[in-house]
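> Below you'll find coords.cif; it's mmCIF, C-alpha atoms.
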```
data_entry
#
loop_
_atom_site.group_PDB
_atom_site.id
_atom_site.type_symbol
_atom_site.label_atom_id
_atom_site.label_comp_id
_atom_site.auth_asym_id
_atom_site.auth_seq_id
_atom_site.Cartn_x
_atom_site.Cartn_y
_atom_site.Cartn_z
ATOM 1 C CA MET A 26 -11.026 -72.397 11.131
ATOM 2 C CA MET A 27 -10.967 -68.652 11.798
ATOM 3 C CA ARG A 28 -9.406 -69.299 15.185
ATOM 4 C CA THR A 29 -6.670 -71.420 13.599
ATOM 5 C CA ALA A 30 -5.902 -68.699 11.013
ATOM 6 C CA THR A 31 -5.793 -66.087 13.774
ATOM 7 C CA ARG A 32 -3.338 -68.172 15.811
ATOM 8 C CA ILE A 33 -1.065 -68.607 12.774
ATOM 9 C CA LEU A 34 -1.104 -64.866 12.059
ATOM 10 C CA LEU A 35 -0.310 -64.009 15.663
ATOM 11 C CA SER A 36 2.577 -66.504 15.653
ATOM 12 C CA LEU A 37 4.098 -64.927 12.547
ATOM 13 C CA LEU A 38 3.768 -61.453 14.032
ATOM 14 C CA ALA A 39 5.427 -62.686 17.208
ATOM 15 C CA VAL A 40 8.385 -64.055 15.236
ATOM 16 C CA ALA A 41 8.841 -60.733 13.446
ATOM 17 C CA GLY A 42 8.504 -58.809 16.683
ATOM 18 C CA ILE A 43 11.031 -60.925 18.571
ATOM 19 C CA ALA A 44 13.525 -60.540 15.705
ATOM 20 C CA CYS A 45 13.580 -56.758 16.178
ATOM 21 C CA GLY A 46 13.477 -56.445 19.929
ATOM 22 C CA GLY A 47 9.744 -57.004 20.294
ATOM 23 C CA ARG A 48 8.735 -54.251 17.844
ATOM 24 C CA PRO A 49 7.422 -54.462 14.283
ATOM 25 C CA PHE A 50 9.833 -54.002 11.421
ATOM 26 C CA ALA A 51 10.353 -50.513 10.053
ATOM 27 C CA GLU A 52 8.449 -49.412 6.957
ATOM 28 C CA GLY A 53 9.736 -49.441 3.395
ATOM 29 C CA GLY A 54 11.767 -51.527 1.000
ATOM 30 C CA SER A 55 15.529 -51.888 0.727
ATOM 31 C CA ARG A 56 15.692 -49.178 -1.996
ATOM 32 C CA ASP A 57 13.889 -46.599 0.124
ATOM 33 C CA LEU A 58 16.160 -44.010 1.728
ATOM 34 C CA THR A 59 14.953 -41.150 3.927
ATOM 35 C CA LEU A 60 17.398 -38.242 3.878
ATOM 36 C CA VAL A 61 16.841 -36.099 6.979
ATOM 37 C CA THR A 62 18.190 -32.547 6.983
ATOM 38 C CA ALA A 63 17.435 -28.922 7.765
ATOM 39 C CA LEU A 64 19.266 -27.845 4.609
ATOM 40 C CA PRO A 65 17.209 -26.773 1.572
ATOM 41 C CA PRO A 66 16.416 -29.651 -0.816
ATOM 42 C CA ASP A 67 18.135 -27.749 -3.650
ATOM 43 C CA SER A 68 21.315 -26.993 -1.693
ATOM 44 C CA PRO A 69 24.561 -28.234 -3.294
ATOM 45 C CA GLU A 70 25.159 -30.673 -0.418
ATOM 46 C CA ILE A 71 21.783 -32.376 -0.759
ATOM 47 C CA LEU A 72 21.899 -32.449 -4.548
ATOM 48 C CA LEU A 73 25.307 -34.143 -4.414
ATOM 49 C CA LEU A 74 24.105 -36.686 -1.861
ATOM 50 C CA ARG A 75 21.127 -37.518 -4.041
ATOM 51 C CA ALA A 76 23.441 -38.029 -7.014
ATOM 52 C CA ILE A 77 25.597 -40.375 -4.931
ATOM 53 C CA PHE A 78 22.729 -42.462 -3.550
ATOM 54 C CA GLU A 79 20.518 -42.470 -6.638
ATOM 55 C CA ARG A 80 23.271 -43.717 -8.923
ATOM 56 C CA PRO A 81 22.208 -46.449 -11.377
ATOM 57 C CA ALA A 82 22.074 -49.976 -9.987
ATOM 58 C CA ILE A 83 24.863 -52.072 -11.488
ATOM 59 C CA ARG A 84 23.781 -53.901 -14.656
ATOM 60 C CA ILE A 85 20.072 -53.168 -14.127
ATOM 61 C CA GLU A 86 18.514 -50.971 -16.792
ATOM 62 C CA ASP A 87 16.587 -47.856 -15.729
ATOM 63 C CA GLU A 88 16.859 -48.567 -12.009
ATOM 64 C CA SER A 89 18.559 -46.504 -9.336
ATOM 65 C CA ALA A 90 20.223 -48.046 -6.316
ATOM 66 C CA TYR A 91 18.064 -45.964 -3.942
ATOM 67 C CA VAL A 92 14.974 -43.795 -4.075
ATOM 68 C CA VAL A 93 15.499 -40.749 -1.832
ATOM 69 C CA ARG A 94 12.825 -38.924 0.180
ATOM 70 C CA ILE A 95 13.745 -35.651 1.901
ATOM 71 C CA ALA A 96 12.378 -35.067 5.423
ATOM 72 C CA ASN A 97 13.131 -33.118 8.585
ATOM 73 C CA ALA A 98 13.873 -34.536 12.027
ATOM 74 C CA SER A 99 10.439 -33.585 13.387
ATOM 75 C CA ASP A 100 8.625 -35.834 10.885
ATOM 76 C CA PRO A 101 7.446 -38.922 12.840
ATOM 77 C CA ARG A 102 7.693 -41.057 9.703
ATOM 78 C CA VAL A 103 11.475 -40.682 9.874
ATOM 79 C CA TYR A 104 11.671 -42.995 12.877
ATOM 80 C CA ARG A 105 9.518 -45.635 11.201
ATOM 81 C CA ALA A 106 11.551 -45.644 7.973
ATOM 82 C CA ARG A 107 13.667 -48.584 6.834
ATOM 83 C CA THR A 108 16.893 -46.696 6.070
ATOM 84 C CA VAL A 109 17.564 -43.177 7.389
ATOM 85 C CA PHE A 110 20.480 -40.825 6.798
ATOM 86 C CA PHE A 111 20.842 -37.584 8.799
ATOM 87 C CA VAL A 112 22.898 -34.718 7.361
ATOM 88 C CA GLY A 113 23.786 -31.460 9.065
ATOM 89 C CA CYS A 114 26.376 -29.101 10.470
ATOM 90 C CA GLY A 115 27.018 -26.995 13.532
ATOM 91 C CA PRO A 116 27.779 -27.720 17.193
ATOM 92 C CA LYS A 117 27.129 -31.278 18.362
ATOM 93 C CA ARG A 118 24.369 -30.042 20.669
ATOM 94 C CA ALA A 119 22.364 -29.222 17.539
ATOM 95 C CA ILE A 120 22.111 -32.928 16.691
ATOM 96 C CA PRO A 121 18.596 -34.222 17.537
ATOM 97 C CA LYS A 122 18.436 -36.034 20.879
ATOM 98 C CA SER A 123 17.020 -39.109 19.134
ATOM 99 C CA LEU A 124 20.452 -39.475 17.499
ATOM 100 C CA THR A 125 22.511 -39.524 20.684
ATOM 101 C CA HIS A 126 23.800 -43.027 19.952
ATOM 102 C CA LEU A 127 24.822 -42.102 16.403
ATOM 103 C CA ALA A 128 26.428 -38.851 17.547
ATOM 104 C CA ARG A 129 28.569 -40.735 20.048
ATOM 105 C CA SER A 130 29.613 -43.147 17.298
ATOM 106 C CA LEU A 131 31.112 -40.208 15.390
ATOM 107 C CA GLU A 132 33.639 -39.615 18.162
ATOM 108 C CA GLY A 133 37.063 -41.025 17.374
ATOM 109 C CA VAL A 134 36.314 -42.058 13.757
ATOM 110 C CA ARG A 135 38.262 -40.720 10.803
ATOM 111 C CA GLU A 136 35.223 -40.299 8.562
ATOM 112 C CA PRO A 137 32.689 -37.501 9.065
ATOM 113 C CA PHE A 138 29.912 -40.083 8.837
ATOM 114 C CA VAL A 139 28.889 -43.317 10.517
ATOM 115 C CA PHE A 140 26.189 -45.979 10.066
ATOM 116 C CA SER A 141 24.674 -48.062 12.825
ATOM 117 C CA PRO A 142 22.207 -50.972 12.661
ATOM 118 C CA ASP A 143 18.963 -51.043 14.572
ATOM 119 C CA VAL A 144 19.203 -47.696 16.370
ATOM 120 C CA TRP A 145 15.519 -47.828 17.321
ATOM 121 C CA LEU A 146 15.201 -51.633 17.510
ATOM 122 C CA ARG A 147 12.991 -52.006 14.457
ATOM 123 C CA GLY A 148 15.371 -53.653 12.006
ATOM 124 C CA GLN A 149 16.522 -50.314 10.619
ATOM 125 C CA ALA A 150 19.743 -48.830 9.336
ATOM 126 C CA ALA A 151 20.575 -45.267 10.351
ATOM 127 C CA GLY A 152 23.495 -43.057 9.445
ATOM 128 C CA ILE A 153 24.673 -39.530 10.131
ATOM 129 C CA LEU A 154 27.050 -37.131 8.410
ATOM 130 C CA TRP A 155 27.907 -34.062 10.480
ATOM 131 C CA THR A 156 30.522 -31.318 10.330
ATOM 132 C CA ASP A 157 31.218 -28.397 12.670
ATOM 133 C CA ARG A 158 30.847 -25.842 9.873
ATOM 134 C CA ARG A 159 28.731 -25.804 6.759
ATOM 135 C CA ALA A 160 31.793 -24.819 4.756
ATOM 136 C CA ASP A 161 33.231 -28.254 5.587
ATOM 137 C CA LEU A 162 30.125 -30.247 4.645
ATOM 138 C CA LEU A 163 30.337 -30.207 0.847
ATOM 139 C CA PRO A 164 34.086 -31.056 0.753
ATOM 140 C CA ALA A 165 33.444 -33.923 3.195
ATOM 141 C CA ILE A 166 30.765 -35.350 0.909
ATOM 142 C CA GLN A 167 32.927 -34.924 -2.190
ATOM 143 C CA GLU A 168 35.922 -36.615 -0.598
ATOM 144 C CA SER A 169 34.061 -39.625 0.797
ATOM 145 C CA GLN A 170 31.289 -40.195 -1.730
ATOM 146 C CA ASN A 171 32.260 -43.762 -2.702
ATOM 147 C CA ARG A 172 32.829 -44.750 0.933
ATOM 148 C CA LEU A 173 29.486 -43.155 1.800
ATOM 149 C CA PHE A 174 27.701 -45.279 -0.777
ATOM 150 C CA ALA A 175 29.497 -48.440 0.334
ATOM 151 C CA GLY A 176 28.646 -47.753 3.978
ATOM 152 C CA LEU A 177 25.005 -47.189 3.125
ATOM 153 C CA ASP A 178 24.891 -50.383 1.076
ATOM 154 C CA ARG A 179 26.343 -52.456 3.940
ATOM 155 C CA ALA A 180 23.897 -50.937 6.424
ATOM 156 C CA THR A 181 20.966 -51.546 4.082
ATOM 157 C CA PHE A 182 21.966 -55.157 3.523
ATOM 158 C CA ALA A 183 22.005 -55.677 7.295
ATOM 159 C CA THR A 184 18.276 -54.862 7.303
ATOM 160 C CA VAL A 185 17.695 -57.389 4.515
ATOM 161 C CA ARG A 186 19.565 -60.039 6.516
ATOM 162 C CA ALA A 187 17.552 -59.274 9.661
ATOM 163 C CA ARG A 188 14.306 -59.804 7.813
ATOM 164 C CA LEU A 189 15.524 -63.046 6.271
ATOM 165 C CA LEU A 190 16.436 -64.444 9.688
ATOM 166 C CA ALA A 191 12.921 -63.609 10.922
ATOM 167 C CA LEU A 192 11.202 -65.562 8.124
ATOM 168 C CA PRO A 193 9.869 -69.074 8.825
ATOM 169 C CA ARG A 194 12.296 -71.658 7.429
ATOM 170 C CA ASP A 195 11.672 -74.905 5.580
ATOM 171 C CA SER A 196 13.571 -77.477 7.642
ATOM 172 C CA GLU A 197 12.614 -80.357 5.348
ATOM 173 C CA ALA A 198 14.014 -78.552 2.293
ATOM 174 C CA GLU A 199 17.202 -77.730 4.214
ATOM 175 C CA ARG A 200 17.687 -81.428 5.081
ATOM 176 C CA LYS A 201 17.077 -82.342 1.426
ATOM 177 C CA LEU A 202 19.796 -79.937 0.316
ATOM 178 C CA GLN A 203 22.234 -81.290 2.867
ATOM 179 C CA ARG A 204 21.528 -84.885 1.877
ATOM 180 C CA LEU A 205 21.493 -84.535 -1.916
ATOM 181 C CA ALA A 206 23.755 -81.560 -2.585
ATOM 182 C CA GLY A 207 26.198 -81.879 0.305
ATOM 183 C CA PHE A 208 25.966 -78.318 1.597
ATOM 184 C CA GLY A 209 23.742 -76.339 3.916
ATOM 185 C CA LEU A 210 21.596 -73.303 3.212
ATOM 186 C CA ARG A 211 18.822 -71.486 5.015
ATOM 187 C CA VAL A 212 15.647 -72.012 2.984
ATOM 188 C CA PRO A 213 12.755 -69.616 3.645
ATOM 189 C CA ARG A 214 9.348 -71.227 3.514
ATOM 190 C CA GLY A 215 7.737 -70.815 0.089
ATOM 191 C CA TYR A 216 10.838 -71.580 -1.981
ATOM 192 C CA GLU A 217 10.932 -74.762 -4.079
ATOM 193 C CA VAL A 218 14.139 -76.812 -3.844
ATOM 194 C CA ARG A 219 15.502 -78.891 -6.716
ATOM 195 C CA VAL A 220 18.784 -80.784 -6.906
ATOM 196 C CA ASP A 221 20.365 -82.052 -10.111
ATOM 197 C CA PRO A 222 21.806 -85.534 -9.385
ATOM 198 C CA GLY A 223 24.364 -85.348 -12.181
ATOM 199 C CA THR A 224 26.118 -82.141 -11.164
ATOM 200 C CA GLY A 225 25.077 -81.752 -7.528
ATOM 201 C CA ALA A 226 23.709 -78.307 -8.432
ATOM 202 C CA ALA A 227 20.830 -76.946 -6.367
ATOM 203 C CA LEU A 228 18.054 -74.512 -7.260
ATOM 204 C CA LEU A 229 15.945 -72.463 -4.863
ATOM 205 C CA LEU A 230 12.978 -71.114 -6.784
ATOM 206 C CA ASP A 231 10.243 -68.698 -5.879
ATOM 207 C CA PRO A 232 8.136 -68.792 -9.062
ATOM 208 C CA GLY A 233 6.568 -65.463 -8.178
ATOM 209 C CA PRO A 234 5.681 -63.181 -9.667
ATOM 210 C CA PRO A 235 8.300 -61.898 -9.404
ATOM 211 C CA ALA A 236 10.398 -65.001 -10.008
ATOM 212 C CA ARG A 237 13.568 -65.440 -7.949
ATOM 213 C CA LEU A 238 16.202 -68.086 -8.665
ATOM 214 C CA LEU A 239 19.191 -68.971 -6.501
ATOM 215 C CA ARG A 240 21.445 -71.592 -8.082
ATOM 216 C CA ILE A 241 24.516 -73.113 -6.438
ATOM 217 C CA VAL A 242 26.954 -75.759 -7.610
ATOM 218 C CA PRO A 243 30.234 -76.941 -6.036
ATOM 219 C CA GLY A 244 33.277 -75.932 -8.089
ATOM 220 C CA GLY A 245 36.174 -78.121 -9.115
ATOM 221 C CA GLY A 246 39.867 -77.529 -8.510
ATOM 222 C CA GLY A 247 41.691 -74.443 -9.659
ATOM 223 C CA SER A 248 40.353 -70.988 -10.391
ATOM 224 C CA PRO A 249 38.875 -70.332 -13.839
ATOM 225 C CA GLY A 250 39.583 -67.294 -15.958
ATOM 226 C CA GLU A 251 36.985 -64.647 -16.750
ATOM 227 C CA GLU A 252 35.777 -66.425 -19.884
ATOM 228 C CA ASP A 253 35.430 -69.702 -17.980
ATOM 229 C CA LEU A 254 33.503 -67.851 -15.269
ATOM 230 C CA ARG A 255 30.948 -66.834 -17.886
ATOM 231 C CA ARG A 256 30.764 -70.406 -19.156
ATOM 232 C CA ALA A 257 30.329 -71.693 -15.621
ATOM 233 C CA ARG A 258 27.383 -69.349 -15.137
ATOM 234 C CA ALA A 259 25.802 -70.386 -18.445
ATOM 235 C CA ALA A 260 26.201 -74.091 -17.631
ATOM 236 C CA LEU A 261 24.699 -73.716 -14.158
ATOM 237 C CA ALA A 262 21.745 -71.730 -15.506
ATOM 238 C CA ARG A 263 21.016 -74.265 -18.269
ATOM 239 C CA THR A 264 21.064 -77.138 -15.782
ATOM 240 C CA PHE A 265 17.612 -76.014 -14.647
ATOM 241 C CA ARG A 266 16.477 -73.795 -17.564
ATOM 242 C CA PRO A 267 17.795 -75.302 -20.833
ATOM 243 C CA ASN A 268 16.773 -72.299 -22.940
ATOM 244 C CA GLU A 269 18.339 -69.630 -20.753
ATOM 245 C CA ARG A 270 21.151 -67.623 -22.328
ATOM 246 C CA THR A 271 23.779 -65.619 -20.462
ATOM 247 C CA LEU A 272 24.259 -62.362 -22.337
ATOM 248 C CA GLU A 273 27.742 -60.992 -22.739
ATOM 249 C CA PRO A 274 28.516 -58.440 -20.002
ATOM 250 C CA THR A 275 30.035 -55.153 -21.141
ATOM 251 C CA ASP A 276 31.518 -54.397 -17.725
ATOM 252 C CA PRO A 277 34.800 -55.990 -16.637
ATOM 253 C CA THR A 278 34.857 -58.691 -13.982
ATOM 254 C CA LEU A 279 34.334 -56.935 -10.655
ATOM 255 C CA THR A 280 36.400 -57.361 -7.540
ATOM 256 C CA SER A 281 34.972 -59.169 -4.545
ATOM 257 C CA GLY A 282 33.163 -57.242 -1.847
ATOM 258 C CA GLU A 283 29.492 -58.170 -2.049
ATOM 259 C CA LEU A 284 28.888 -61.792 -1.119
ATOM 260 C CA THR A 285 30.880 -63.030 1.869
ATOM 261 C CA GLY A 286 33.790 -65.192 0.723
ATOM 262 C CA ALA A 287 33.456 -64.083 -2.918
ATOM 263 C CA ARG A 288 36.723 -64.290 -4.832
ATOM 264 C CA ARG A 289 35.308 -62.795 -8.016
ATOM 265 C CA GLN A 290 31.963 -61.888 -9.494
ATOM 266 C CA ILE A 291 30.336 -60.871 -12.740
ATOM 267 C CA HIS A 292 27.114 -58.920 -13.227
ATOM 268 C CA GLY A 293 25.006 -59.111 -16.345
ATOM 269 C CA ARG A 294 21.695 -60.028 -17.926
ATOM 270 C CA TRP A 295 20.073 -63.269 -18.968
ATOM 271 C CA GLU A 296 17.254 -64.049 -21.357
ATOM 272 C CA ASP A 297 15.193 -67.087 -22.272
ATOM 273 C CA ALA A 298 15.455 -68.096 -25.913
ATOM 274 C CA GLU A 299 11.978 -69.664 -25.995
ATOM 275 C CA VAL A 300 9.779 -67.323 -23.963
ATOM 276 C CA SER A 301 9.678 -63.564 -23.454
ATOM 277 C CA ALA A 302 11.652 -63.435 -20.227
ATOM 278 C CA ALA A 303 14.848 -61.636 -19.213
ATOM 279 C CA GLY A 304 16.432 -60.022 -16.207
ATOM 280 C CA PRO A 305 19.620 -59.286 -14.263
ATOM 281 C CA TYR A 306 21.953 -61.785 -12.631
ATOM 282 C CA ARG A 307 24.793 -61.749 -10.130
ATOM 283 C CA PHE A 308 27.292 -64.612 -10.386
ATOM 284 C CA TYR A 309 29.943 -65.338 -7.754
ATOM 285 C CA GLU A 310 32.887 -67.634 -7.239
ATOM 286 C CA VAL A 311 32.802 -68.233 -3.492
ATOM 287 C CA ALA A 312 35.222 -69.886 -1.076
ATOM 288 C CA ARG A 313 33.700 -71.459 2.030
ATOM 289 C CA GLY A 314 35.358 -73.848 4.462
ATOM 290 C CA GLY A 315 38.088 -74.905 2.048
ATOM 291 C CA ARG A 316 35.589 -75.556 -0.760
ATOM 292 C CA ARG A 317 34.691 -73.538 -3.827
ATOM 293 C CA PHE A 318 31.160 -72.838 -5.042
ATOM 294 C CA TYR A 319 29.505 -71.019 -7.887
ATOM 295 C CA VAL A 320 26.498 -68.979 -6.780
ATOM 296 C CA ASP A 321 24.017 -67.447 -9.223
ATOM 297 C CA LEU A 322 21.264 -64.971 -8.331
ATOM 298 C CA ALA A 323 18.677 -64.267 -11.032
ATOM 299 C CA VAL A 324 15.433 -62.295 -11.044
ATOM 300 C CA PHE A 325 12.497 -61.941 -13.420
ATOM 301 C CA ALA A 326 10.372 -58.991 -12.301
ATOM 302 C CA PRO A 327 8.948 -57.069 -15.264
ATOM 303 C CA GLY A 328 7.780 -53.603 -14.314
ATOM 304 C CA ARG A 329 9.211 -53.850 -10.787
ATOM 305 C CA PRO A 330 12.536 -52.880 -9.182
ATOM 306 C CA LYS A 331 14.933 -55.830 -9.350
ATOM 307 C CA LEU A 332 17.558 -54.830 -6.809
ATOM 308 C CA PRO A 333 15.455 -55.601 -3.679
ATOM 309 C CA TYR A 334 14.909 -59.170 -4.906
ATOM 310 C CA LEU A 335 18.606 -59.610 -5.700
ATOM 311 C CA ARG A 336 19.412 -58.434 -2.168
ATOM 312 C CA GLU A 337 16.969 -60.981 -0.773
ATOM 313 C CA LEU A 338 18.650 -63.781 -2.738
ATOM 314 C CA GLN A 339 22.057 -62.552 -1.619
ATOM 315 C CA ALA A 340 20.961 -62.731 2.027
ATOM 316 C CA ILE A 341 19.959 -66.356 1.518
ATOM 317 C CA ALA A 342 23.250 -67.109 -0.270
ATOM 318 C CA GLU A 343 25.150 -65.665 2.711
ATOM 319 C CA THR A 344 23.944 -68.649 4.762
ATOM 320 C CA LEU A 345 25.741 -71.142 2.487
ATOM 321 C CA SER A 346 27.637 -73.680 4.582
ATOM 322 C CA PRO A 347 29.969 -76.354 3.162
ATOM 323 C CA ARG A 348 28.797 -78.946 5.719
#
```
Can the structure from this file be put into structure tokens for me?


Amino acid sequence: MMRTATRILLSLLAVAGIACGGRPFAEGGSRDLTLVTALPPDSPEILLLRAIFERPAIRIEDESAYVVRIANASDPRVYRARTVFFVGCGPKRAIPKSLTHLARSLEGVREPFVFSPDVWLRGQAAGILWTDRRADLLPAIQESQNRLFAGLDRATFATVRARLLALPRDSEAERKLQRLAGFGLRVPRGYEVRVDPGTGAALLLDPGPPARLLRIVPGGGGSPGEEDLRRARAALARTFRPNERTLEPTDPTLTSGELTGARRQIHGRWEDAEVSAAGPYRFYEVARGGRRFYVDLAVFAPGRPKLPYLRELQAIAETLSPR
């Protein structure tokens, strides 16, 4: 029995290693950001970067988008970290040799920063912001702060996707979805799959803790208004959890830009009317292959960061196929 367990463990490690070029995945979660610099931690440039990256996560109470750790380029943990961002100034020869690839990527780009996936072949995201003079560094950060955050978010999500693709998949559950719901989706092993025969809605559930719910239903013709989008989310949620309530969002409907193919999206919170449970959701109207779908991501993770689990669900939702 021990030999069988050992073989299974070695197989899983081999899958993870192959997915990142034969090396183990980098350390840390998708909220962890290592900021590498020779500048003082209390310098205006670093304080501004921290404010940009540690901004509140959208519609998640008391949670920042990233947790920043300051390090220098000689720290070996830097090159094992999940997401790394190098910041500095001076002649290009001052850039650490380990960043040669990133430094070359800066050539010919309009922005003073660049992100690149898998620089050290461990499923990482690495970025660099560099100016010739320190006097130019703070203005560069101020001018591009929203684009900086968006670039970091895209690079981070690429690491989430890489890990998803390395997970063992449940082929039987994927065939069930295709047969009963009429669309395809990558189903990681460990998720339960349920399909509602009346609506054709599907639920992927990891009961946790923490609990993760991915709900998808094909949409009808036309494009609903904002109020109907909220009703669509409430109806889809109640298909599988009759007592779940969709709380009114205070933010306006957001533009697309997160989930591939998303036309519109709303962020908010849900709660269960019968039990003490609540959490954030992300709800999307998605166009794929000439069809329209509603996609709902919901998390129940009391006392834990929610954003990493929402990113995991989003990576699964990215694999949605209309066939």

> If the PyMOL selection byres ((chain A and resi 180) around 8) is run on the structure shown, which residues does it catch, given as a list in words?

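Output of the PyMOL selection byres ((chain A and resi 180) around 8): Phe140, Ser141, Pro142, Ala150, Ala151, Gly176, Leu177, Asp178, Arg179, Thr181, Phe182, Ala183 and Thr184 of chain A.
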
> Write out as a list in words which residues come within 6 Å of range 195-211 of chain A when counting all atoms listed in the file, dropping same-chain ones fewer than 2 positions away.

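Residues near the query, excluding close chain neighbours: Pro213, Arg214, Gly225, Thr344, Leu345, Ser346, Pro347 and Arg348 of chain A.
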
> Nearest to Val242 in chain A: which of A:Val320, A:Ala262, A:Ile83, A:Leu64 is it, counting only C-alpha atoms?

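Nearest candidate to Val242 in chain A out of A:Val320, A:Ala262, A:Ile83, A:Leu64: A:Val320.
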
> Can you turn the PyMOL selection byres ((chain A and resi 159-171) around 9) into a concrete residue list for this file, as a list of chain:residue names?

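Selected by the PyMOL selection byres ((chain A and resi 159-171) around 9) in this file: A:Pro69, A:Glu70, A:Ile71, A:Leu73, A:Leu74, A:Ile77, A:Val112, A:Gly113, A:Cys114, A:Gly115, A:Glu136, A:Pro137, A:Leu154, A:Trp155, A:Thr156, A:Asp157, A:Arg158, A:Arg172, A:Leu173, A:Phe174, A:Ala175, A:Gly176.
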
> Write out, as an mmCIF file, in the frame of the given file, the residues just selected, with C-alpha atoms.


```
data_model
loop_
_atom_site.group_PDB
_atom_site.id
_atom_site.type_symbol
_atom_site.label_atom_id
_atom_site.label_comp_id
_atom_site.auth_asym_id
_atom_site.auth_seq_id
_atom_site.Cartn_x
_atom_site.Cartn_y
_atom_site.Cartn_z
ATOM 1 C CA PRO A 69 24.561 -28.234 -3.294
ATOM 2 C CA GLU A 70 25.159 -30.673 -0.418
ATOM 3 C CA ILE A 71 21.783 -32.376 -0.759
ATOM 4 C CA LEU A 73 25.307 -34.143 -4.414
ATOM 5 C CA LEU A 74 24.105 -36.686 -1.861
ATOM 6 C CA ILE A 77 25.597 -40.375 -4.931
ATOM 7 C CA VAL A 112 22.898 -34.718 7.361
ATOM 8 C CA GLY A 113 23.786 -31.460 9.065
ATOM 9 C CA CYS A 114 26.376 -29.101 10.470
ATOM 10 C CA GLY A 115 27.018 -26.995 13.532
ATOM 11 C CA GLU A 136 35.223 -40.299 8.562
ATOM 12 C CA PRO A 137 32.689 -37.501 9.065
ATOM 13 C CA LEU A 154 27.050 -37.131 8.410
ATOM 14 C CA TRP A 155 27.907 -34.062 10.480
ATOM 15 C CA THR A 156 30.522 -31.318 10.330
ATOM 16 C CA ASP A 157 31.218 -28.397 12.670
ATOM 17 C CA ARG A 158 30.847 -25.842 9.873
ATOM 18 C CA ARG A 172 32.829 -44.750 0.933
ATOM 19 C CA LEU A 173 29.486 -43.155 1.800
ATOM 20 C CA PHE A 174 27.701 -45.279 -0.777
ATOM 21 C CA ALA A 175 29.497 -48.440 0.334
ATOM 22 C CA GLY A 176 28.646 -47.753 3.978
#
```

> For CA of Pro234 in chain A and CA of Ala191 in chain A, determine how far apart the two atoms are, in Å to one decimal place.

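One can read the CA of Pro234 in chain A to CA of Ala191 in chain A distance as 21.8 Å.
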
> Counting only C-alpha atoms, which of A:Ile341, A:Leu230, A:Ala312, A:Leu332 gets nearest to Ala90 in chain A?

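Of all the options, A:Leu332 lies closest to Ala90 in chain A.
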
> Find the residues around Arg258 in chain A up to 8 Å (only C-alpha atoms counted), leave out those fewer than 5 positions away in its own chain, and share them as a ChimeraX atom specification.

/A:271,308,319,321

> Quick one: pull the distance between CA of Val311 in chain A and CA of Leu254 in chain A, Å, one decimal.

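These two atoms are separated by 11.8 Å.
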
> Please evaluate the PyMOL selection byres ((chain A and resi 268) around 9) against the structure above and give the resulting residues as a ChimeraX atom specification.

/A:262-263,266-267,269-270,296-300

> Output C-alpha atoms for every residue in that selection, as a tab-separated table (two decimals), in the coordinates of the input.


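Once everything was written out, this is again_21.tsv:
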```
chain	number	residue	atom	x	y	z
A	262	ALA	CA	21.74	-71.73	-15.51
A	263	ARG	CA	21.02	-74.26	-18.27
A	266	ARG	CA	16.48	-73.80	-17.56
A	267	PRO	CA	17.80	-75.30	-20.83
A	269	GLU	CA	18.34	-69.63	-20.75
A	270	ARG	CA	21.15	-67.62	-22.33
A	296	GLU	CA	17.25	-64.05	-21.36
A	297	ASP	CA	15.19	-67.09	-22.27
A	298	ALA	CA	15.46	-68.10	-25.91
A	299	GLU	CA	11.98	-69.66	-26.00
A	300	VAL	CA	9.78	-67.32	-23.96
```
